[in-house]
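Coordinates as given in upload16.cif (mmCIF, C-alpha atoms):
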data_run
#
loop_
_atom_site.label_atom_id
_atom_site.label_comp_id
_atom_site.auth_asym_id
_atom_site.auth_seq_id
_atom_site.Cartn_x
_atom_site.Cartn_y
_atom_site.Cartn_z
CA MET A 273 0.00 0.00 0.00
CA ALA A 274 1.33 3.41 -0.90
CA GLU A 275 2.38 5.49 2.05
CA CYS A 276 1.21 9.08 2.10
CA CYS A 277 3.66 11.63 3.50
CA SER A 278 4.38 9.77 6.69
CA GLY A 279 6.87 11.28 9.08
CA ARG A 280 9.47 8.67 8.21
CA THR A 281 9.05 6.15 5.41
CA LYS A 282 10.91 2.88 5.85
CA LEU A 283 10.82 0.56 2.86
CA ILE A 284 11.95 -3.02 3.39
CA TYR A 285 13.05 -5.60 0.82
CA ALA A 286 13.87 -9.31 0.97
CA CYS A 287 16.29 -11.08 -1.34
CA SER A 288 13.83 -14.02 -1.39
CA GLY A 289 16.65 -16.21 -2.67
CA ALA A 290 16.41 -19.90 -3.51
CA ALA A 291 18.34 -21.12 -0.47
CA ASP A 292 16.88 -21.76 2.96
CA VAL A 293 18.22 -18.43 4.21
CA GLY A 294 16.60 -16.67 1.23
CA GLU A 295 13.25 -18.15 2.17
CA ILE A 296 13.77 -17.08 5.76
CA ALA A 297 14.63 -13.53 4.58
CA ASP A 298 11.35 -13.41 2.69
CA ARG A 299 9.33 -14.61 5.66
CA VAL A 300 11.12 -12.26 8.04
CA VAL A 301 10.26 -9.27 5.86
CA ARG A 302 6.62 -10.33 5.60
CA ARG A 303 6.49 -10.71 9.38
CA LEU A 304 8.00 -7.26 9.92
CA ARG A 305 5.52 -5.77 7.46
CA ALA A 306 2.63 -7.42 9.28
CA GLU A 307 3.81 -5.85 12.52
CA GLY A 308 3.33 -2.48 10.88
CA GLN A 309 6.68 -0.78 11.36
CA TYR A 310 7.97 -1.26 7.84
CA LEU A 311 6.53 -0.97 4.37
CA MET A 312 7.42 -4.03 2.29
CA THR A 313 8.04 -3.50 -1.38
CA CYS A 314 9.24 -5.54 -4.35
CA LEU A 315 12.92 -6.07 -4.96
CA ALA A 316 12.00 -7.48 -8.37
CA GLY A 317 10.46 -4.13 -9.31
CA VAL A 318 13.70 -2.38 -8.41
CA GLY A 319 15.75 -4.99 -10.27
CA ALA A 320 13.56 -4.60 -13.35
CA GLY A 321 14.15 -0.87 -13.25
CA LEU A 322 10.45 -0.03 -12.98
CA ALA A 323 10.28 3.69 -12.36
CA GLY A 324 7.67 3.57 -9.59
CA TYR A 325 9.78 1.24 -7.45
CA VAL A 326 13.04 2.99 -8.26
CA GLU A 327 11.73 6.46 -7.47
CA SER A 328 9.99 5.22 -4.32
CA ALA A 329 13.32 3.84 -3.09
CA LYS A 330 15.06 7.12 -3.87
CA GLY A 331 12.35 9.09 -2.10
CA ALA A 332 12.14 6.95 1.05
CA ASP A 333 13.70 8.07 4.30
CA GLU A 334 15.25 4.66 4.79
CA ASN A 335 15.55 1.52 2.68
CA ILE A 336 16.23 -1.73 4.53
CA THR A 337 17.42 -4.90 2.81
CA ILE A 338 17.27 -8.37 4.32
CA ASP A 339 19.58 -10.76 2.53
CA GLY A 340 19.90 -14.44 3.32
CA CYS A 341 23.63 -14.63 2.65
CA ASN A 342 26.58 -12.40 2.02
CA VAL A 343 26.15 -12.45 -1.74
CA SER A 344 23.76 -9.66 -0.67
CA CYS A 345 21.68 -9.43 -3.87
CA ALA A 346 19.07 -7.14 -2.29
CA LYS A 347 21.66 -4.69 -1.02
CA LYS A 348 23.42 -4.65 -4.39
CA ALA A 349 20.15 -4.18 -6.29
CA LEU A 350 19.51 -1.01 -4.29
CA GLU A 351 23.08 0.19 -4.70
CA ARG A 352 22.76 -0.18 -8.47
CA ILE A 353 20.15 2.56 -8.47
CA GLY A 354 22.23 4.80 -6.23
CA VAL A 355 20.53 3.99 -2.95
CA SER A 356 22.54 2.93 0.12
CA PRO A 357 20.29 0.68 2.20
CA THR A 358 20.52 -0.35 5.81
CA SER A 359 21.62 -3.92 5.25
CA TYR A 360 20.98 -7.04 7.30
CA ILE A 361 22.50 -10.38 6.26
CA LEU A 362 21.08 -13.41 7.98
CA THR A 363 24.27 -15.48 7.80
CA GLU A 364 25.96 -12.65 9.70
CA LEU A 365 23.20 -12.92 12.29
CA GLY A 366 24.05 -16.55 12.94
CA LEU A 367 22.32 -18.62 10.26
CA VAL A 368 24.22 -21.12 8.11
CA LYS A 369 23.32 -21.22 4.43
CA GLY A 370 22.11 -24.65 3.35
CA LYS A 371 21.90 -25.93 6.90
CA THR A 372 19.08 -23.94 8.47
CA ALA A 373 15.56 -25.25 8.89
CA VAL A 374 12.83 -22.77 7.95
CA THR A 375 10.92 -22.66 11.21
CA GLU A 376 8.78 -20.15 13.04
CA GLN A 377 11.36 -20.09 15.82
CA ILE A 378 14.18 -19.10 13.46
CA ILE A 379 11.97 -16.46 11.78
CA ASN A 380 11.06 -15.01 15.17
CA GLU A 381 14.69 -14.93 16.26
CA MET A 382 15.78 -13.11 13.12
CA CYS A 383 12.94 -10.60 13.43
CA GLU A 384 13.93 -9.83 17.01
CA LYS A 385 17.59 -9.39 16.11
CA ILE A 386 16.75 -7.00 13.28
CA LYS A 387 14.29 -5.02 15.36
CA SER A 388 16.72 -4.72 18.25
CA THR A 389 19.45 -3.26 16.05
CA ASN A 390 17.07 -1.09 14.04
CA SER A 391 15.08 0.06 17.05
CA SER A 392 16.99 3.29 17.53
CA LYS A 393 15.57 4.46 14.27
CA MET A 394 12.03 3.24 14.82
CA ILE A 395 9.27 5.61 13.82
CA PRO A 396 6.70 6.41 16.47
CA GLU A 397 3.40 4.72 16.00
CA LYS A 398 1.36 6.68 13.51
CA THR A 399 -1.92 8.28 14.20
CA ILE A 400 -4.14 8.18 11.17
CA THR A 401 -5.73 11.53 10.61
CA GLY A 402 -7.76 12.91 7.78
CA GLY A 403 -7.20 10.33 5.10
CA CYS A 404 -3.43 10.04 5.11
CA ASN A 405 -0.98 8.43 7.48
CA CYS A 406 1.01 11.50 8.29
CA GLY A 407 0.09 11.61 11.95
CA GLY A 408 -0.79 15.24 11.60
CA LYS A 409 2.59 16.22 10.21
CA CYS A 410 1.48 17.29 6.78
CA MET B 169 2.57 16.41 -22.35
CA LYS B 170 0.51 14.65 -19.69
CA ILE B 171 1.33 15.19 -16.02
CA GLU B 172 -0.20 13.23 -13.16
CA ILE B 173 0.17 13.97 -9.45
CA LEU B 174 -0.34 10.80 -7.43
CA GLY B 175 -1.60 11.20 -3.89
CA THR B 176 -4.52 10.32 -1.71
CA GLY B 177 -5.20 13.84 -0.55
CA CYS B 178 -2.75 15.01 2.08
CA ALA B 179 -1.17 18.43 2.28
CA LYS B 180 2.07 17.37 0.59
CA CYS B 181 0.16 15.96 -2.37
CA HIS B 182 -1.74 19.24 -2.77
CA LYS B 183 1.48 21.18 -2.39
CA LEU B 184 3.08 19.22 -5.21
CA GLU B 185 0.04 19.76 -7.41
CA ASP B 186 0.12 23.50 -6.79
CA LEU B 187 3.86 23.63 -7.39
CA VAL B 188 3.58 21.73 -10.68
CA ARG B 189 0.73 23.95 -11.90
CA ASP B 190 2.68 27.10 -11.03
CA THR B 191 5.87 25.79 -12.60
CA VAL B 192 4.18 24.74 -15.82
CA GLN B 193 2.48 28.11 -16.12
CA GLU B 194 5.62 30.10 -15.37
CA ALA B 195 7.73 28.05 -17.77
CA GLY B 196 5.13 28.34 -20.50
CA ILE B 197 4.91 24.59 -20.92
CA SER B 198 1.80 23.13 -22.53
CA ALA B 199 0.60 20.23 -20.40
CA GLU B 200 -2.49 18.42 -19.21
CA ILE B 201 -2.32 18.10 -15.41
CA ASN B 202 -4.40 15.61 -13.47
CA LYS B 203 -4.50 14.76 -9.79
CA VAL B 204 -4.91 11.03 -9.17
CA ASP B 205 -6.54 10.14 -5.83
CA ASP B 206 -7.54 6.55 -6.59
CA ILE B 207 -5.24 4.31 -4.58
CA LYS B 208 -5.78 1.43 -7.02
CA LYS B 209 -4.57 3.54 -9.91
CA ILE B 210 -1.67 4.83 -7.84
CA MET B 211 -0.60 1.27 -7.09
CA THR B 212 -0.53 0.40 -10.80
CA TYR B 213 2.50 2.66 -11.10
CA GLY B 214 4.39 0.64 -8.48
CA VAL B 215 4.60 3.71 -6.32
CA MET B 216 5.07 2.93 -2.62
CA THR B 217 5.40 6.48 -1.35
CA THR B 218 3.43 9.57 -2.27
CA PRO B 219 3.23 12.26 -3.43
CA ALA B 220 4.53 11.11 -6.80
CA LEU B 221 5.00 12.88 -10.09
CA VAL B 222 4.25 11.05 -13.33
CA ILE B 223 5.10 12.57 -16.70
CA ASP B 224 3.77 10.94 -19.86
CA GLY B 225 3.13 7.70 -17.98
CA LYS B 226 6.53 7.45 -16.33
CA VAL B 227 7.16 7.96 -12.63
CA LYS B 228 9.74 10.72 -12.21
CA ALA B 229 9.64 11.27 -8.46
CA ALA B 230 8.03 9.62 -5.44
CA GLY B 231 7.89 10.24 -1.73
CA LYS B 232 9.16 13.79 -1.96
CA ILE B 233 8.38 17.19 -3.37
CA PRO B 234 10.93 18.11 -6.03
CA SER B 235 12.09 21.71 -6.22
CA LYS B 236 10.79 23.99 -8.96
CA GLU B 237 14.14 23.66 -10.73
CA GLU B 238 13.95 19.87 -10.57
CA ILE B 239 10.42 19.90 -11.93
CA ILE B 240 11.46 22.06 -14.87
CA LYS B 241 14.32 19.66 -15.55
CA LEU B 242 11.98 16.66 -15.35
CA LEU B 243 9.62 18.38 -17.76
CA GLY B 244 12.50 18.80 -20.17
CA GLY B 245 12.15 22.56 -20.19
CA LYS B 246 14.41 25.48 -19.48
CA GLN B 247 13.87 27.74 -16.52
CA ALA B 248 12.03 30.91 -17.46
#

Using structure tokens, write down the structure that the file contains.
Amino acid sequence: MAECCSGRTKLIYACSGAADVGEIADRVVRRLRAEGQYLMTCLAGVGAGLAGYVESAKGADENITIDGCNVSCAKKALERIGVSPTSYILTELGLVKGKTAVTEQIINEMCEKIKSTNSSKMIPEKTITGGCNCGGKC
Amino acid sequence: MKIEILGTGCAKCHKLEDLVRDTVQEAGISAEINKVDDIKKIMTYGVMTTPALVIDGKVKAAGKIPSKEEIIKLLGGKQA
């Protein structure tokens, strides 16, 4: 869903790679989106060079990439369009590529690790006023 | 030239619309300007943050209000 002039727009992307850690990255991002603190968007749209996705990334206050491994495809896809994301790599958070079961426990653990390190930048909970999500800031 | 301002109705969206209308008029550019409020249509552009500026069907800016100079550049015109 498009975000309307919020105080601080945080877009989040998953590499969604083929490996177990790529699947976990995807599920972690979906979980974080569901919790409402981040706005998930499509890495494929950025990779395809679709203007809406590219310009949204350039206009966001923060872009966050969750990569399964240190090949870091999501981070590099953003860098290709001139955007420096806040990068999280699950193998650097303790997972082992090719040897990690995709479980709710692992997904929860990764979400908590990301939130704890990103918490200093967390946006305050928004108050929806007058048709946009600006919290009265616009 | 067709210009669309994407936004669901907040102050920043209106500000961009006003800025684009003023800029087009001052620069003497001939353009059709439309404000798009329909979230479904906005989403078809792949835009995740508004306001957004679309020129001839292509998204040129999103999530921010470009300066007048940037708008003129995006419109392919020269500053008056």

Which of these residues is nearest to chain A, using all atoms listed in the file: B:Asp186, B:Ile223, B:Lys236, B:Ile207?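 Checking each candidate against chain A, we get B:Ile207 as the closest.
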
Assuming the chain letters and numbering stay as they are in my file, what does the PyMOL selection byres ((chain B) within 7 of (chain A)) actually select? List them as a list in words. Gly175, Thr176, Gly177, Cys178, Ala179, Lys180, Met211, Tyr213, Gly214, Val215, Met216, Thr217, Thr218, Pro219, Lys226, Val227, Lys228, Ala229, Ala230, Gly231 and Lys232 of chain B

List the neighbours of range 348-361 of chain A out to 9 Å using all atoms listed in the file; skip same-chain residues closer than 3 positions along the sequence, and give me the result as a list in words. Ala297, Leu315, Val318, Gly319, Gly321, Val326, Ala329, Lys330, Glu334, Asn335, Ile336, Thr337, Ile338, Asp339, Gly340, Cys341, Asn342, Val343, Ser344, Cys345, Glu364, Leu365, Ile386 and Asn390 of chain A

Selected by the PyMOL selection byres ((chain B and resi 191) around 12) in the shown coordinates: which residues, as a PyMOL selection string? chain B and resi 184-190+192-199+201+234-243+245-248

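When all atoms listed in the file are used to measure the gap to Asn202 in chain B, the shortest distance among B:Lys170, B:Ile233, B:Cys181, B:Ala220 belongs to B:Lys170.
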
Could you tell me how far CA of Val301 in chain A sits from CA of Leu221 in chain B, in Å to one decimal place?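 Separating CA of Leu221 in chain B from CA of Val301 in chain A is a distance of 27.8 Å.
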
Given the PyMOL selection byres ((chain A and resi 299) around 10), the residues it picks as a PyMOL selection string: chain A and resi 286+288+293-298+300-305+374-376+379-380+382-383

Could you please determine the separation between CA of Arg280 in chain A and CA of Ala316 in chain A in Å, to one decimal place?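 Between these atoms lies a distance of 23.3 Å.
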
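Of note, CA of Gly225 in chain B and CA of Ala320 in chain A are spaced 16.8 Å apart.
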
Which residue gives the smallest distance to Lys385 in chain A among A:Cys287, A:Asp292, A:Gly308, A:Leu367, with all atoms listed in the file counted?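 With all atoms listed in the file as the atom set, the closest residue is A:Leu367.
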